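Structure file final15.pdb (PDB, C-alpha atoms) follows.
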ATOM      1  CA  MET B   1      96.243 107.569  82.137
ATOM      2  CA  LEU B   2      94.044 105.292  84.126
ATOM      3  CA  ARG B   3      90.550 104.948  85.520
ATOM      4  CA  HIS B   4      89.116 105.737  88.935
ATOM      5  CA  TYR B   5      88.355 103.153  91.560
ATOM      6  CA  PHE B   6      84.993 101.740  92.578
ATOM      7  CA  LEU B   7      83.553  98.296  92.786
ATOM      8  CA  GLN B   8      83.039  95.640  90.196
ATOM      9  CA  GLU B   9      79.628  95.013  91.701
ATOM     10  CA  LEU B  10      78.548  98.480  90.550
ATOM     11  CA  VAL B  11      79.835  97.908  87.035
ATOM     12  CA  ILE B  12      77.855  94.689  86.780
ATOM     13  CA  GLY B  13      74.731  96.196  88.303
ATOM     14  CA  SER B  14      74.736  99.662  86.751
ATOM     15  CA  LEU B  15      77.464  99.759  84.075
ATOM     16  CA  ALA B  16      78.932 102.655  86.049
ATOM     17  CA  CYS B  17      82.674 103.366  86.132
ATOM     18  CA  CYS B  18      84.554 102.996  89.335
ATOM     19  CA  LEU B  19      87.256 103.756  91.833
ATOM     20  CA  LEU B  20      90.951 103.208  91.289
ATOM     21  CA  GLY B  21      91.480  99.553  91.326
ATOM     22  CA  CYS B  22      90.056  96.212  91.471
ATOM     23  CA  GLY B  23      89.055  92.843  90.211
ATOM     24  CA  GLY B  24      88.768  89.171  90.940
ATOM     25  CA  GLY B  25      90.571  87.244  93.581
ATOM     26  CA  SER B  26      90.884  83.841  95.121
ATOM     27  CA  ASP B  27      89.462  84.706  98.546
ATOM     28  CA  MET B  28      86.694  87.213  97.838
ATOM     29  CA  ASN B  29      83.675  87.377  95.595
ATOM     30  CA  VAL B  30      84.608  89.325  92.457
ATOM     31  CA  ALA B  31      81.606  91.574  93.036
ATOM     32  CA  GLU B  32      83.148  92.822  96.270
ATOM     33  CA  GLN B  33      86.337  94.237  94.775
ATOM     34  CA  PRO B  34      87.192  97.901  94.134
ATOM     35  CA  VAL B  35      87.641  98.846  90.429
ATOM     36  CA  ILE B  36      89.102 101.621  88.223
ATOM     37  CA  SER B  37      88.381 103.846  85.197
ATOM     38  CA  THR B  38      89.968 106.633  83.007
ATOM     39  CA  PRO B  39      90.691 110.041  84.543
ATOM     40  CA  VAL B  40      90.620 113.451  82.990
ATOM     41  CA  ALA B  41      93.619 115.748  83.069
ATOM     42  CA  GLN B  42      94.105 117.929  86.108
ATOM     43  CA  PRO B  43      93.430 121.671  85.684
ATOM     44  CA  ALA B  44      96.288 123.577  84.084
ATOM     45  CA  THR B  45      96.418 125.971  87.027
ATOM     46  CA  GLN B  46      95.631 125.313  90.663
ATOM     47  CA  PRO B  47      95.770 127.466  93.807
ATOM     48  CA  VAL B  48      98.946 127.009  95.800
ATOM     49  CA  ILE B  49      99.327 127.337  99.538
ATOM     50  CA  VAL B  50     102.400 126.895 101.682
ATOM     51  CA  PRO B  51     101.265 125.372 104.984
ATOM     52  CA  VAL B  52     103.548 123.814 107.551
ATOM     53  CA  PRO B  53     105.185 120.877 105.700
ATOM     54  CA  PRO B  54     103.997 117.455 106.866
ATOM     55  CA  VAL B  55     106.559 115.407 108.726
ATOM     56  CA  VAL B  56     106.653 111.742 107.783
ATOM     57  CA  GLU B  57     106.684 109.146 110.532
ATOM     58  CA  ALA B  58     110.167 108.050 111.485
ATOM     59  CA  SER B  59     109.130 104.443 111.265
ATOM     60  CA  LEU B  60     106.126 102.268 110.519
ATOM     61  CA  PRO B  61     105.960  99.117 112.662
ATOM     62  CA  ILE B  62     105.638  95.989 110.543
ATOM     63  CA  ASP B  63     103.299  94.467 113.143
ATOM     64  CA  ALA B  64     100.763  97.242 112.455
ATOM     65  CA  VAL B  65     101.106  96.763 108.697
ATOM     66  CA  ILE B  66     100.442  93.039 109.048
ATOM     67  CA  ALA B  67      97.584  93.527 111.513
ATOM     68  CA  ASN B  68      95.860  95.834 109.023
ATOM     69  CA  MET B  69      95.685  92.971 106.501
ATOM     70  CA  THR B  70      94.811  89.975 108.672
ATOM     71  CA  THR B  71      91.375  88.483 109.326
ATOM     72  CA  ALA B  72      89.646  91.153 107.249
ATOM     73  CA  SER B  73      90.846  93.874 109.610
ATOM     74  CA  ALA B  74      88.005  96.312 110.297
ATOM     75  CA  ASN B  75      88.336  99.897 109.074
ATOM     76  CA  GLU B  76      88.832 102.486 111.822
ATOM     77  CA  ALA B  77      85.492 104.086 110.950
ATOM     78  CA  LEU B  78      82.759 103.735 108.332
ATOM     79  CA  PRO B  79      82.899 106.052 105.321
ATOM     80  CA  GLN B  80      79.898 107.938 104.029
ATOM     81  CA  SER B  81      78.469 105.876 101.162
ATOM     82  CA  THR B  82      75.275 104.554  99.703
ATOM     83  CA  LEU B  83      77.129 101.326  98.937
ATOM     84  CA  THR B  84      77.317  98.202 101.074
ATOM     85  CA  ASN B  85      80.426  96.532  99.633
ATOM     86  CA  ALA B  86      82.901  94.640 101.783
ATOM     87  CA  TRP B  87      85.865  96.970 101.271
ATOM     88  CA  LEU B  88      83.960  99.788 102.995
ATOM     89  CA  ASN B  89      84.187  97.683 106.166
ATOM     90  CA  HIS B  90      87.576  95.984 106.098
ATOM     91  CA  SER B  91      90.775  95.187 104.227
ATOM     92  CA  ILE B  92      90.688  92.646 101.407
ATOM     93  CA  ILE B  93      93.296  90.444  99.720
ATOM     94  CA  SER B  94      91.978  89.853  96.215
ATOM     95  CA  ALA B  95      94.812  88.120  94.370
ATOM     96  CA  VAL B  96      97.882  86.707  96.070
ATOM     97  CA  GLN B  97      99.897  86.628  92.848
ATOM     98  CA  PRO B  98      99.620  88.274  89.396
ATOM     99  CA  PHE B  99      98.612  85.165  87.482
ATOM    100  CA  ALA B 100      95.519  84.612  85.342
ATOM    101  CA  ASP B 101      93.961  82.000  87.634
ATOM    102  CA  GLN B 102      93.854  84.621  90.426
ATOM    103  CA  LEU B 103      92.194  87.308  88.359
ATOM    104  CA  GLY B 104      88.802  85.909  87.473
ATOM    105  CA  GLY B 105      87.478  86.181  83.939
ATOM    106  CA  TYR B 106      90.203  88.642  83.005
ATOM    107  CA  GLY B 107      92.661  85.773  82.967
ATOM    108  CA  GLN B 108      90.806  84.176  80.074
ATOM    109  CA  GLN B 109      91.491  87.236  77.958
ATOM    110  CA  PHE B 110      95.076  87.623  79.190
ATOM    111  CA  PRO B 111      96.303  84.177  80.308
ATOM    112  CA  GLY B 112      99.555  83.545  82.133
ATOM    113  CA  TRP B 113     101.595  85.930  84.256
ATOM    114  CA  TRP B 114     100.576  89.587  84.519
ATOM    115  CA  ASN B 115     103.577  91.873  84.247
ATOM    116  CA  ALA B 116     102.546  95.367  85.360
ATOM    117  CA  THR B 117     101.213  96.940  88.544
ATOM    118  CA  ILE B 118     100.260 100.268  90.122
ATOM    119  CA  GLY B 119      99.654 101.642  93.617
ATOM    120  CA  TRP B 120      96.591 103.746  94.479
ATOM    121  CA  PHE B 121      94.798 105.477  97.354
ATOM    122  CA  ILE B 122      91.343 106.720  98.333
ATOM    123  CA  ILE B 123      90.136 109.470 100.703
ATOM    124  CA  MET B 124      86.556 109.449 102.032
ATOM    125  CA  GLU B 125      84.546 111.441 104.543
ATOM    126  CA  GLY B 126      83.466 109.425 107.580
ATOM    127  CA  GLN B 127      79.878 109.026 108.730
ATOM    128  CA  HIS B 128      80.446 111.093 111.886
ATOM    129  CA  ASN B 129      82.574 113.922 110.549
ATOM    130  CA  THR B 130      81.666 117.338 111.991
ATOM    131  CA  ALA B 131      84.783 119.287 110.968
ATOM    132  CA  THR B 132      84.494 122.008 108.325
ATOM    133  CA  ASN B 133      87.986 123.527 108.461
ATOM    134  CA  SER B 134      90.106 120.370 108.185
ATOM    135  CA  ARG B 135      91.812 119.206 105.016
ATOM    136  CA  VAL B 136      93.430 115.817 104.327
ATOM    137  CA  TRP B 137      96.946 116.084 102.950
ATOM    138  CA  ILE B 138      98.601 113.205 101.122
ATOM    139  CA  ASN B 139     102.017 112.449  99.629
ATOM    140  CA  ARG B 140     104.720 109.793  99.142
ATOM    141  CA  LEU B 141     102.950 106.924  97.411
ATOM    142  CA  ARG B 142     105.467 104.056  97.510
ATOM    143  CA  LEU B 143     105.262 100.628  95.859
ATOM    144  CA  TYR B 144     107.597  97.683  96.541
ATOM    145  CA  VAL B 145     107.837  94.054  95.461
ATOM    146  CA  LEU B 146     109.599  91.215  97.270
ATOM    147  CA  SER B 147     111.574  89.263  94.663
ATOM    148  CA  GLU B 148     111.124  85.505  94.644
ATOM    149  CA  SER B 149     114.606  85.007  93.188
ATOM    150  CA  THR B 150     116.598  87.332  95.466
ATOM    151  CA  ARG B 151     114.279  87.553  98.514
ATOM    152  CA  THR B 152     114.965  91.299  98.628
ATOM    153  CA  TRP B 153     112.522  94.207  98.441
ATOM    154  CA  GLN B 154     112.679  96.364  95.325
ATOM    155  CA  LEU B 155     111.288  99.895  95.066
ATOM    156  CA  LEU B 156     109.047 100.071  92.003
ATOM    157  CA  ASP B 157     107.536 103.547  92.372
ATOM    158  CA  ALA B 158     108.095 106.590  94.589
ATOM    159  CA  THR B 159     105.561 109.260  93.664
ATOM    160  CA  ASN B 160     105.801 112.248  95.992
ATOM    161  CA  LEU B 161     102.692 114.016  94.600
ATOM    162  CA  PRO B 162     100.408 111.265  93.287
ATOM    163  CA  TYR B 163      97.791 111.978  90.650
ATOM    164  CA  THR B 164      94.514 112.865  92.358
ATOM    165  CA  GLU B 165      90.966 112.971  91.040
ATOM    166  CA  ALA B 166      87.424 112.784  92.393
ATOM    167  CA  VAL B 167      84.312 110.728  91.783
ATOM    168  CA  LEU B 168      80.861 110.859  93.298
ATOM    169  CA  ASP B 169      79.055 108.227  95.322
ATOM    170  CA  PRO B 170      77.374 106.128  94.084
ATOM    171  CA  ALA B 171      79.831 105.216  91.309
ATOM    172  CA  GLN B 172      78.862 107.133  88.203
ATOM    173  CA  GLU B 173      80.444 108.046  84.894
ATOM    174  CA  GLN B 174      81.967 111.153  86.455
ATOM    175  CA  LEU B 175      85.622 112.096  86.707
ATOM    176  CA  ILE B 176      86.507 115.530  88.000
ATOM    177  CA  ALA B 177      89.358 117.314  89.648
ATOM    178  CA  PRO B 178      88.442 117.547  93.335
ATOM    179  CA  SER B 179      86.773 120.906  93.863
ATOM    180  CA  SER B 180      88.985 121.551  96.871
ATOM    181  CA  LEU B 181      92.297 120.165  95.545
ATOM    182  CA  ILE B 182      95.301 122.274  96.536
ATOM    183  CA  THR B 183      98.864 121.598  95.492
ATOM    184  CA  ALA B 184     101.629 122.576  97.900
ATOM    185  CA  PRO B 185     105.336 122.061  97.165
ATOM    186  CA  ASP B 186     105.556 118.885  99.209
ATOM    187  CA  HIS B 187     102.016 117.469  99.263
ATOM    188  CA  LEU B 188      98.445 117.615  97.979
ATOM    189  CA  SER B 189      95.388 118.295 100.113
ATOM    190  CA  VAL B 190      91.612 118.119  99.764
ATOM    191  CA  LEU B 191      88.639 119.229 101.819
ATOM    192  CA  LEU B 192      85.943 116.693 100.991
ATOM    193  CA  GLN B 193      82.228 116.780 101.544
ATOM    194  CA  PHE B 194      80.106 113.738 100.735
ATOM    195  CA  PRO B 195      79.221 112.599  98.065
ATOM    196  CA  GLU B 196      82.664 113.539  96.721
ATOM    197  CA  TRP B 197      85.506 111.080  97.227
ATOM    198  CA  ALA B 198      89.132 111.694  96.257
ATOM    199  CA  HIS B 199      91.438 109.021  94.916
ATOM    200  CA  GLY B 200      94.531 108.720  92.844
ATOM    201  CA  PHE B 201      97.541 106.666  91.888
ATOM    202  CA  GLY B 202     101.235 106.612  91.150
ATOM    203  CA  SER B 203     102.954 105.304  88.036
ATOM    204  CA  LYS B 204     102.142 102.017  86.318
ATOM    205  CA  VAL B 205     105.350  99.984  86.352
ATOM    206  CA  ALA B 206     106.596  96.776  84.752
ATOM    207  CA  ILE B 207     107.202  93.680  86.871
ATOM    208  CA  ASP B 208     108.122  90.053  86.342
ATOM    209  CA  GLY B 209     104.878  88.542  87.588
ATOM    210  CA  SER B 210     106.513  85.172  88.154
ATOM    211  CA  ASP B 211     109.046  86.803  90.524
ATOM    212  CA  VAL B 212     106.525  88.429  92.897
ATOM    213  CA  ARG B 213     106.823  86.819  96.337
ATOM    214  CA  ALA B 214     104.981  89.707  98.040
ATOM    215  CA  ILE B 215     103.864  93.225  97.185
ATOM    216  CA  PHE B 216     103.523  96.301  99.396
ATOM    217  CA  ALA B 217     102.364  99.904  99.030
ATOM    218  CA  SER B 218     102.108 102.827 101.437
ATOM    219  CA  VAL B 219     100.971 106.448 101.287
ATOM    220  CA  ASP B 220     101.467 109.153 103.921
ATOM    221  CA  PHE B 221      98.631 111.421 105.062
ATOM    222  CA  GLY B 222      97.339 113.663 107.828
ATOM    223  CA  LEU B 223      95.185 116.697 108.613
ATOM    224  CA  GLU B 224      95.857 120.406 108.114
ATOM    225  CA  LEU B 225      93.657 123.469 108.449
ATOM    226  CA  ASN B 226      91.867 124.894 105.457
ATOM    227  CA  ASP B 227      92.002 128.374 107.017
ATOM    228  CA  PRO B 228      95.048 128.649 109.284
ATOM    229  CA  ASN B 229      93.349 131.557 111.092
ATOM    230  CA  GLY B 230      90.071 129.673 111.517
ATOM    231  CA  MET B 231      88.895 127.202 114.119
ATOM    232  CA  ASP B 232      91.120 124.186 114.650
ATOM    233  CA  ASP B 233      88.513 121.415 114.399
ATOM    234  CA  ARG B 234      90.863 118.565 113.529
ATOM    235  CA  ASP B 235      89.793 116.691 116.662
ATOM    236  CA  ASN B 236      86.264 116.598 115.228
ATOM    237  CA  ALA B 237      87.373 115.448 111.775
ATOM    238  CA  GLU B 238      86.551 111.979 110.463
ATOM    239  CA  TYR B 239      88.234 111.353 107.141
ATOM    240  CA  LEU B 240      89.461 107.942 106.026
ATOM    241  CA  VAL B 241      92.452 107.072 103.838
ATOM    242  CA  GLY B 242      93.281 103.692 102.315
ATOM    243  CA  ALA B 243      95.873 102.205  99.967
ATOM    244  CA  GLY B 244      95.556  99.556  97.268
ATOM    245  CA  ILE B 245      97.404  97.817  94.424
ATOM    246  CA  ASP B 246      96.191  96.812  90.949
ATOM    247  CA  TYR B 247      97.619  94.345  88.442
ATOM    248  CA  TYR B 248      97.771  94.740  84.640
ATOM    249  CA  PRO B 249      98.609  92.081  82.039
ATOM    250  CA  ALA B 250     101.300  94.417  80.626
ATOM    251  CA  LEU B 251     102.301  98.066  80.565
ATOM    252  CA  ASN B 252     100.549  98.670  77.238
ATOM    253  CA  VAL B 253      97.197  97.229  78.369
ATOM    254  CA  THR B 254      94.598  99.875  79.225
ATOM    255  CA  PRO B 255      91.549  99.698  81.495
ATOM    256  CA  ASP B 256      89.345  99.843  78.389
ATOM    257  CA  GLN B 257      90.874  96.573  77.214
ATOM    258  CA  LEU B 258      89.834  95.058  80.537
ATOM    259  CA  GLY B 259      86.259  96.253  80.255
ATOM    260  CA  GLY B 260      86.974  99.271  82.439
ATOM    261  CA  ILE B 261      87.928  97.171  85.481
ATOM    262  CA  VAL B 262      91.471  96.404  86.610
ATOM    263  CA  PRO B 263      91.935  93.432  88.963
ATOM    264  CA  ALA B 264      93.445  94.285  92.329
ATOM    265  CA  ALA B 265      95.914  92.589  94.583
ATOM    266  CA  GLY B 266      93.671  94.058  97.267
ATOM    267  CA  ASN B 267      93.032  97.073  99.433
ATOM    268  CA  GLY B 268      94.279  97.927 102.902
ATOM    269  CA  LYS B 269      92.418  98.985 106.011
ATOM    270  CA  LEU B 270      90.886 102.486 105.917
ATOM    271  CA  LEU B 271      92.593 104.633 108.566
ATOM    272  CA  LEU B 272      91.519 107.909 110.178
ATOM    273  CA  ALA B 273      93.466 111.026 109.254
ATOM    274  CA  LYS B 274      94.843 112.807 112.325
ATOM    275  CA  SER B 275      96.911 115.877 113.155
ATOM    276  CA  THR B 276     100.035 113.698 113.318
ATOM    277  CA  PRO B 277     101.229 111.955 110.101
ATOM    278  CA  ARG B 278     100.170 108.383 109.409
ATOM    279  CA  SER B 279     100.708 105.828 106.638
ATOM    280  CA  ALA B 280      98.005 103.788 104.924
ATOM    281  CA  THR B 281      99.351 100.466 103.664
ATOM    282  CA  ILE B 282      98.546  97.304 101.769
ATOM    283  CA  LEU B 283     100.623  94.129 102.063
ATOM    284  CA  VAL B 284      99.951  90.938 100.107
ATOM    285  CA  PRO B 285     102.149  87.831 100.596
ATOM    286  CA  ASN B 286     102.172  85.345  97.735
ATOM    287  CA  THR B 287     100.985  82.291  99.657
ATOM    288  CA  ILE B 288     101.111  80.164  96.502
ATOM    289  CA  LYS B 289     104.894  80.568  96.571
ATOM    290  CA  GLY B 290     104.945  79.828 100.306
ATOM    291  CA  CYS B 291     105.277  83.399 101.557
ATOM    292  CA  ASP B 292     103.290  84.404 104.641
ATOM    293  CA  PHE B 293     103.102  87.235 107.163
ATOM    294  CA  ALA B 294     105.510  85.444 109.513
ATOM    295  CA  GLU B 295     108.180  85.521 106.815
ATOM    296  CA  ILE B 296     107.525  89.192 106.053
ATOM    297  CA  ARG B 297     107.745  90.071 109.751
ATOM    298  CA  LYS B 298     111.332  88.751 109.635
ATOM    299  CA  ASN B 299     112.052  90.400 106.263
ATOM    300  CA  PRO B 300     109.886  93.530 106.141
ATOM    301  CA  PRO B 301     109.724  96.039 103.304
ATOM    302  CA  PRO B 302     111.517  99.376 103.789
ATOM    303  CA  LEU B 303     109.296 101.351 106.154
ATOM    304  CA  THR B 304     111.372 104.430 106.987
ATOM    305  CA  ASP B 305     112.430 105.989 103.663
TER     306      ASP B 305
END
Would you put the structure from the file into structure tokens?
Amino acid sequence: MLRHYFLQELVIGSLACCLLGCGGGSDMNVAEQPVISTPVAQPATQPVIVPVPPVVEASLPIDAVIANMTTASANEALPQSTLTNAWLNHSIISAVQPFADQLGGYGQQFPGWWNATIGWFIIMEGQHNTATNSRVWINRLRLYVLSESTRTWQLLDATNLPYTEAVLDPAQEQLIAPSSLITAPDHLSVLLQFPEWAHGFGSKVAIDGSDVRAIFASVDFGLELNDPNGMDDRDNAEYLVGAGIDYYPALNVTPDQLGGIVPAAGNGKLLLAKSTPRSATILVPNTIKGCDFAEIRKNPPPLTD
């Protein structure tokens, strides 16, 4: 398995392990990127509830996906944190392609093209949350790559119930199953209270790094009630969900071999969970190969499946 995601800045400053994904990049200071470290197994048994199944959005406009990644798009709210890192404020593109020269000092250890990747997510309580009976549900972590050779989008991963774990702020050597994690047949949900954050990931998959023209990930989420007979305080809830993508040199390379930090393609804008389903996304065009958001607007990734 993998490691949880925080920021490289914390690893340098405190040797603490981090959140699910990050590393160097061409546009941002390496110290500002989210990072990742090894999880523990989930509990053998978990409580199961059967709430009203979440309904996925019929479509996700590509304009919104692009807007969430342009000009360091500001998060919809500020998460509770003792940290001051850039990703807590806005989206970040860290590495436009999986090649050593994009991935900071890691490229010296693993030169050339990097040929594995993984999608991840994070859930955080907002600074102005007053809800106590609202849970964040999450499912359908999808990861796609736009092929340079065929100019078509390929589905790399489709994890309906992504692995989920928790860490505490500030980033510490702690990996736990979220105290409030509930597994339903079609989704997972958590009821978080700071300093606990939830995060998780899909499957690490092989890619041809030289064939990546763009990469995209999305995860669906929303709010449900912890006690269906209790107060409906979802309008007072402030929980944030974000998506990200990490690169690995190869499938058999572990976070430990990278010093506990996995370089990221980037992280998307943190969005507020609401009663209606939403999708958190990350989209990174490979500008070195000439791809840009205008091209992706004309040839978007699948957004409705």
Item to complete: Translate the PyMOL selection byres ((chain B and resi 284) around 8), as applied to the file shown, into an explicit residue set as a list in words.
Response: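 Those residues are Met69, Ile93, Val96, Ala214, Ile215, Phe216, Ala265, Gly266, Ile282, Leu283, Pro285 and Asn286 of chain B.
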Discussion item. To test your reading of the syntax: which residues would the PyMOL selection byres ((chain B and resi 141) around 12) return for the file shown? Reply as a PyMOL selection string.
Written reply: chain B and resi 118-122+138-140+142-144+155-164+187-188+199-203+216-221+242-245+279-282+305
Worksheet item: At a cut-off of 10 Å from (91.9, 97.3, 108.1) in the coordinates of the file, what residues are picked up using only C-alpha atoms, written as a count of residues only?
Response: 29
Worksheet item: Quick one, how far is atom CA of Leu78 of chain B from atom CA of Leu192 of chain B?
Response: 15.2 Å
Worksheet entry | Residue list as a PyMOL selection string for point (79.2, 117.8, 102.8), cut-off 12 Å, all atoms listed in the file | chain B and resi 80+124-133+168+191-197+239
Worksheet entry | Closest of B:Arg151, B:Lys204, B:Arg135, B:Arg213 to Asp292 of chain B - atom-to-atom distances counting all atoms listed in the file |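 Once distances to Asp292 of chain B are computed over all atoms listed in the file, the minimum belongs to B:Arg213.
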Practice prompt. For atom CA of Pro228 of chain B and atom CA of Ser179 of chain B, quote the distance in Å rounded to one decimal.
Written response: 19.1 Å
Fill in: Picked residues, the PyMOL selection byres ((chain B and resi 189) around 6), expected as a PyMOL selection string
chain B and resi 136-137+181-182+188+190
Fill in: For atom CA of Gly290 of chain B and atom CA of Leu146 of chain B, the interatomic separation in Å (one decimal)
12.7 Å
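Those residues that approach Tyr248 of chain B to within 9 Å, counting only C-alpha atoms, are Pro98, Trp114, Asn115, Ala116, Thr117, Ile118, Lys204, Thr254, Pro255, Leu258, Val262, Pro263 and Ala264 of chain B; same-chain residues fewer than 6 positions away are not listed.
In terms of minimum interatomic distance to Gly259 of chain B, B:Tyr106 ranks closest within B:Tyr106, B:Phe99, B:Tyr247, B:Trp153, counting all atoms listed in the file.
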Discussion item. I'd like the neighbourhood of Pro111 of chain B as a PyMOL selection string, where a residue qualifies if any of its atoms comes within 6 Å (using all atoms listed in the file), though same-chain residues fewer than 2 positions away should be ignored.
Written reply: chain B and resi 100+107-108
Fill in: Residues within 12 Å of Gly230 of chain B, all atoms listed in the file, excluding chain neighbours under 3 positions, as number ranges by chain
B: 131-134, 224-227, 233-234
